[in-house]
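Engineer: Okay, handing you the structure first.
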Amino acid sequence: MTTFDTGNTPSLRSPQDLLPSGQDLATAKAEGARAYELDRKHVFHSWSAQAQINPMTIVASQGQYVWDGDGNKLLDFSGQLVFTNIGHQHPKVVKAIAEQAAKLCTVAPQHVNAARSEAARLIAERTPGDLDHVFFTNGGADAVEHAVRMARLHTGRYKVLSRYRSYHGGTDTAINLTGDPRRYPNDYASSGVVHFNGPFLYRTSFHAENEQQETERALDYLERLIQHEGPATFAAIILESVPGTAGIMVPPPGYMAGVRAICDKYGIVMIADEVMAGFGRTGKWFAIQHFDVIPDLMTFAKGVTSGYVPLGGVAISDAIYATFADRAYPGGLTYSGHPLACAAAVATINAMEDEGMVANAARIGSDVLGPGLRELAAKHPSVGEVRGLGVFQAIELVKDPQTREPLAPYGGSSPAMNEVIAACKSGGLLPFANFNRIHAVPACNISDAEVAEGLKILDAALTVADGHVV
């Protein structure tokens, strides 16, 4: 049996080759074809026009790679939906899930279970400030739902502030908080959400010329909006510490601290959404820690288990915890703190700690991936900007570097973007793409050599994008 190869071979094509699981390629391809047939017959896909999609089949994964239904080996620069923070099939986590299944597969949430208790301890050790209490959910969207509910009950207020160019989940409150076009068909203007423009210097809404101006003008605008809407009507403001799907726009210096000050001034709960940016992705355990700010509530999911088993949660400050010390919290989930999910979280956090993955993500971002992307930006006129932290980076693609016209419209795609994505895949790279951007979001434990491999493929794909520059 062959072993898993972490080298640069873009594909496995011979029927004699074996996948990392030991399965022969011919059998895997046959099973993949059957899976695709059944998928198109029975599976309803999210965010999609069902008759217009041709979803990729994945038949195997290992480390930093996945294999598609044709046996092609692809370097995973997508993190799937930016959640495989420790890569695929990490043996310590796979083992922990199996051991937990053999011991206690499930138990109702009103009962204590050891996996949940230990997961809560490990999370609380890493959260900033006094966010020492953890309410577990099934994922990020319901974490956001419950964080907002807690804030509303804590303050006795209803309205919530959320920025444009954001994503907070697909459930009812979360999708209305979302500030991208996926909200539009679900928005009936009755959710109590007030959207605002946040800082994004490359496409500034404030006519700013530098980061200081962007911070000052964005904060002045936000406070004026609160004053005009009525400060006493707002329960919370929710912000992705570093917006993810919307474009990985790192807040400029002073902005998050300024938001914290505004919240304190008007008695508004500050919710940091760490669903995508948390658990090492930016080079710290949580992205909010880059800004020396402590929120009142913090949502998490995705990287807490590297997506191996669904899990999310809300980290809760002492003040909000006290609100429910002698008053029942009116909310819960059947699978809150599910033992299999919590065992995966414990193993994931321990593996990240033991193997130095958070430090590796920081080093990769500052010394390898970030500089490599900036070299590509200098080389390719289609790259308007690269930005990010750690293994959380975005490449903004444009038709015109001067006007900054995007390669695909806001809220949509384009033939040009489709060509760039196809070039990535044909070169052996699985990218994360949204609108006019390619996100470089590999696992926190990726190696220098694997980053170099990805940058080489991106270099070739960006040449395709350059062909569309006016």
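By order of appearance in the structure tokens: chains A, B, ..., then residues from 1 within every chain, and ligands from 1 in the order shown.
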Hey, what's within 7 Å of A:Phe77 if we count only C-alpha atoms and toss same-chain stuff fewer than 2 positions away? As an MDAnalysis selection string, please?
Structural biologist: chainID A and resid 75 79 429:432 440:442
Engineer: Limited to N, CA and C atoms, could you put the picked residues into a file as a tab-separated table (two decimals), in the first residue's frame?
Structural biologist:
```tsv
chain	number	residue	atom	x	y	z
A	75	LEU	N	-4.67	20.60	-3.62
A	75	LEU	CA	-4.24	21.27	-2.40
A	75	LEU	C	-5.39	22.15	-1.90
A	79	GLY	N	-10.04	25.57	3.04
A	79	GLY	CA	-10.50	25.17	4.37
A	79	GLY	C	-11.92	24.65	4.32
A	429	LEU	N	-5.32	23.12	-7.30
A	429	LEU	CA	-5.61	23.92	-6.11
A	429	LEU	C	-7.11	24.07	-5.95
A	430	LEU	N	-7.62	23.83	-4.74
A	430	LEU	CA	-9.02	24.08	-4.43
A	430	LEU	C	-9.11	25.41	-3.71
A	431	PRO	N	-9.66	26.46	-4.37
A	431	PRO	CA	-9.70	27.79	-3.76
A	431	PRO	C	-11.05	28.05	-3.08
A	432	PHE	N	-11.08	29.06	-2.25
A	432	PHE	CA	-12.32	29.64	-1.76
A	432	PHE	C	-12.54	30.92	-2.56
A	440	ALA	N	-7.22	32.89	0.23
A	440	ALA	CA	-6.19	31.90	0.54
A	440	ALA	C	-6.32	31.58	2.02
A	441	VAL	N	-7.01	30.47	2.32
A	441	VAL	CA	-7.36	30.15	3.70
A	441	VAL	C	-7.04	28.68	3.99
A	442	PRO	N	-5.77	28.30	3.89
A	442	PRO	CA	-5.39	26.91	4.18
A	442	PRO	C	-5.42	26.64	5.69
```
Engineer: I need the residues in stretch 32-118 of chain A that are helix (DSSP H, G or I) according to DSSP; give them as JSON, numbers by chain.
Structural biologist: {"A": [32, 33, 34, 35, 36, 37, 38, 39, 40, 41, 42, 50, 51, 52, 79, 80, 81, 82, 91, 92, 93, 94, 95, 96, 97, 98, 99, 100, 101, 102, 103, 114, 115, 116, 117, 118]}
Engineer: What lies within 10 Å of A:Leu458 using only C-alpha atoms, ignoring chain neighbours under 6 positions off, as a PyMOL selection string?
Structural biologist: chain A and resi 373+376+420-421+423-425+427-429+431+438+440+452+464
Engineer: With C-alpha atoms retained, write the just-selected residues as a CSV table (one decimal), in the first residue's frame.
Structural biologist:
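For reference, selection18.csv as written:
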```
chain,number,residue,atom,x,y,z
A,373,LEU,CA,0.7,37.1,-2.1
A,376,LEU,CA,1.9,38.1,-6.8
A,420,VAL,CA,-9.7,31.9,-12.8
A,421,ILE,CA,-11.4,29.4,-10.5
A,423,ALA,CA,-7.4,27.5,-13.7
A,424,CYS,CA,-6.8,27.0,-10.0
A,425,LYS,CA,-8.5,23.6,-10.0
A,427,GLY,CA,-3.5,23.4,-11.6
A,428,GLY,CA,-4.3,21.3,-8.5
A,429,LEU,CA,-5.6,23.9,-6.1
A,431,PRO,CA,-9.7,27.8,-3.8
A,438,ILE,CA,-10.0,34.4,-4.1
A,440,ALA,CA,-6.2,31.9,0.5
A,452,ALA,CA,4.8,27.6,-2.0
A,464,VAL,CA,-5.7,34.1,-16.7
```
Engineer: So, with only C-alpha atoms as the atoms that count, which of A:Lys41, A:Arg374, A:Arg126, A:His338 lies closest to A:Thr106?
Structural biologist: A:His338
Engineer: So, with only C-alpha atoms as the atoms that count, which of A:His154, A:His168, A:Arg404, A:Lys399 lies closest to A:Ala141?
Structural biologist: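 Checking each of A:His154, A:His168, A:Arg404, A:Lys399 against A:Ala141, counting only C-alpha atoms, the winner is A:His168.
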Engineer: Find the spatial neighbours of A:Tyr65, counting only C-alpha atoms, within a cut-off of 8 Å - ignore same-chain residues fewer than 4 positions away - and output them as an mmCIF file with C-alpha atoms, in the first residue's frame.
Structural biologist:
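For reference, out21.cif as written:
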```cif
data_model
loop_
_atom_site.group_PDB
_atom_site.id
_atom_site.type_symbol
_atom_site.label_atom_id
_atom_site.label_comp_id
_atom_site.auth_asym_id
_atom_site.auth_seq_id
_atom_site.Cartn_x
_atom_site.Cartn_y
_atom_site.Cartn_z
ATOM 1 C CA SER A 61 -8.940 13.733 2.102
ATOM 2 C CA LYS A 73 -5.443 15.504 -5.964
ATOM 3 C CA LEU A 74 -6.059 19.133 -4.949
ATOM 4 C CA LEU A 75 -4.245 21.267 -2.397
ATOM 5 C CA ASP A 76 -6.997 22.621 -0.149
ATOM 6 C CA HIS A 88 -8.065 16.751 7.060
#
```
Engineer: Which of these residues is nearest to A:Trp285, using only C-alpha atoms: A:Pro401, A:Pro128, A:Gly179, A:Gly140?
Structural biologist: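 The answer is A:Pro128, which sits nearest to A:Trp285.
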Engineer: Per DSSP on the backbone, what are the strand (DSSP E) residues of stretch 266-458 of chain A, as a VMD selection string?
Structural biologist: chain A and resid 269 to 273 297 to 300 312 to 316 383 to 389 392 to 400 405 to 406 429 to 430 432 to 434 437 to 440
Engineer: Using only C-alpha atoms, determine which residues lie at most 12 Å from A:Trp47, disregarding the query and same-chain residues fewer than 3 positions distant; provide the list as JSON, numbers by chain.
Structural biologist: {"A": [44, 50, 52, 53, 169, 170, 181, 182, 183, 185]}
Engineer: From the list A:Ala322, A:Leu397, A:Met276, A:Val259, which residue is nearest A:Lys302 when using only C-alpha atoms?
Structural biologist: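 Nearest to A:Lys302: A:Met276.
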Engineer: Excluding same-chain residues fewer than 6 positions from A:His90, what lies within 9 Å of it counting only C-alpha atoms, as JSON, numbers by chain?
Structural biologist: {"A": [62, 63, 348, 351]}
Engineer: Residues at most 8 Å from stretch 122-125 of chain A, counting only C-alpha atoms, excluding those fewer than 6 positions away in the same chain, as a list in words?
Structural biologist: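 That gives Leu131, Asp132, His133, Val134, Ala315, Val346 and Ile349 of chain A.
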Engineer: So, counting only C-alpha atoms, which residue among A:Gln89, A:Gln393, A:Gln227, A:Phe300 is closest to A:Ala433?
Structural biologist: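 Among the listed residues, the smallest separation from A:Ala433 belongs to A:Gln393.
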Engineer: Between A:Glu229, A:Tyr255, A:Gly71, A:Cys342, which is the closest to A:Asp24 once you count only C-alpha atoms?
Structural biologist: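 Smallest separation from A:Asp24 among the options: A:Gly71.
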Engineer: Rounded to one decimal, what separation in Å do you get between atom CA of A:Leu201 and atom CA of A:Arg281?
Structural biologist: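 Between these atoms lies a distance of 22.3 Å.
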Engineer: Mind giving me the straight-line distance from atom CA of A:His439 to atom CA of A:Gly372 in Å, one decimal?
Structural biologist: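 Interatomic distance, atom CA of A:His439 to atom CA of A:Gly372: 13.6 Å.
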Engineer: List every residue of stretch 51-133 of chain A that has an atom at most 12 Å from any atom of stretch 245-248 of chain A, giving for each one its closest atom pair and the distance in Å to one decimal, counting only C-alpha atoms, sorted by chain and then by ascending residue number, as a Markdown table.
Structural biologist:
```
| residue | atom | partner | partner_atom | distance |
| --- | --- | --- | --- | --- |
| A:Ser78 | CA | A:Thr245 | CA | 11.3 |
| A:Leu81 | CA | A:Thr245 | CA | 9.1 |
| A:Val82 | CA | A:Thr245 | CA | 9.0 |
```
Engineer: Just write the chosen residues, N, CA and C atoms, as a compact mmCIF listing (two decimals), in the first residue's frame.
Structural biologist:
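Just written: again_38.txt:
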```txt
# COMPACT_ATOMS: atom_id res chain seq x y z
N SER A 78 -9.03 26.22 0.59
CA SER A 78 -10.35 26.74 0.92
C SER A 78 -10.73 26.52 2.38
N LEU A 81 -15.31 25.31 3.99
CA LEU A 81 -15.91 26.63 4.21
C LEU A 81 -15.14 27.33 5.34
N VAL A 82 -13.83 27.31 5.22
CA VAL A 82 -12.91 27.94 6.17
C VAL A 82 -13.14 27.36 7.57
```
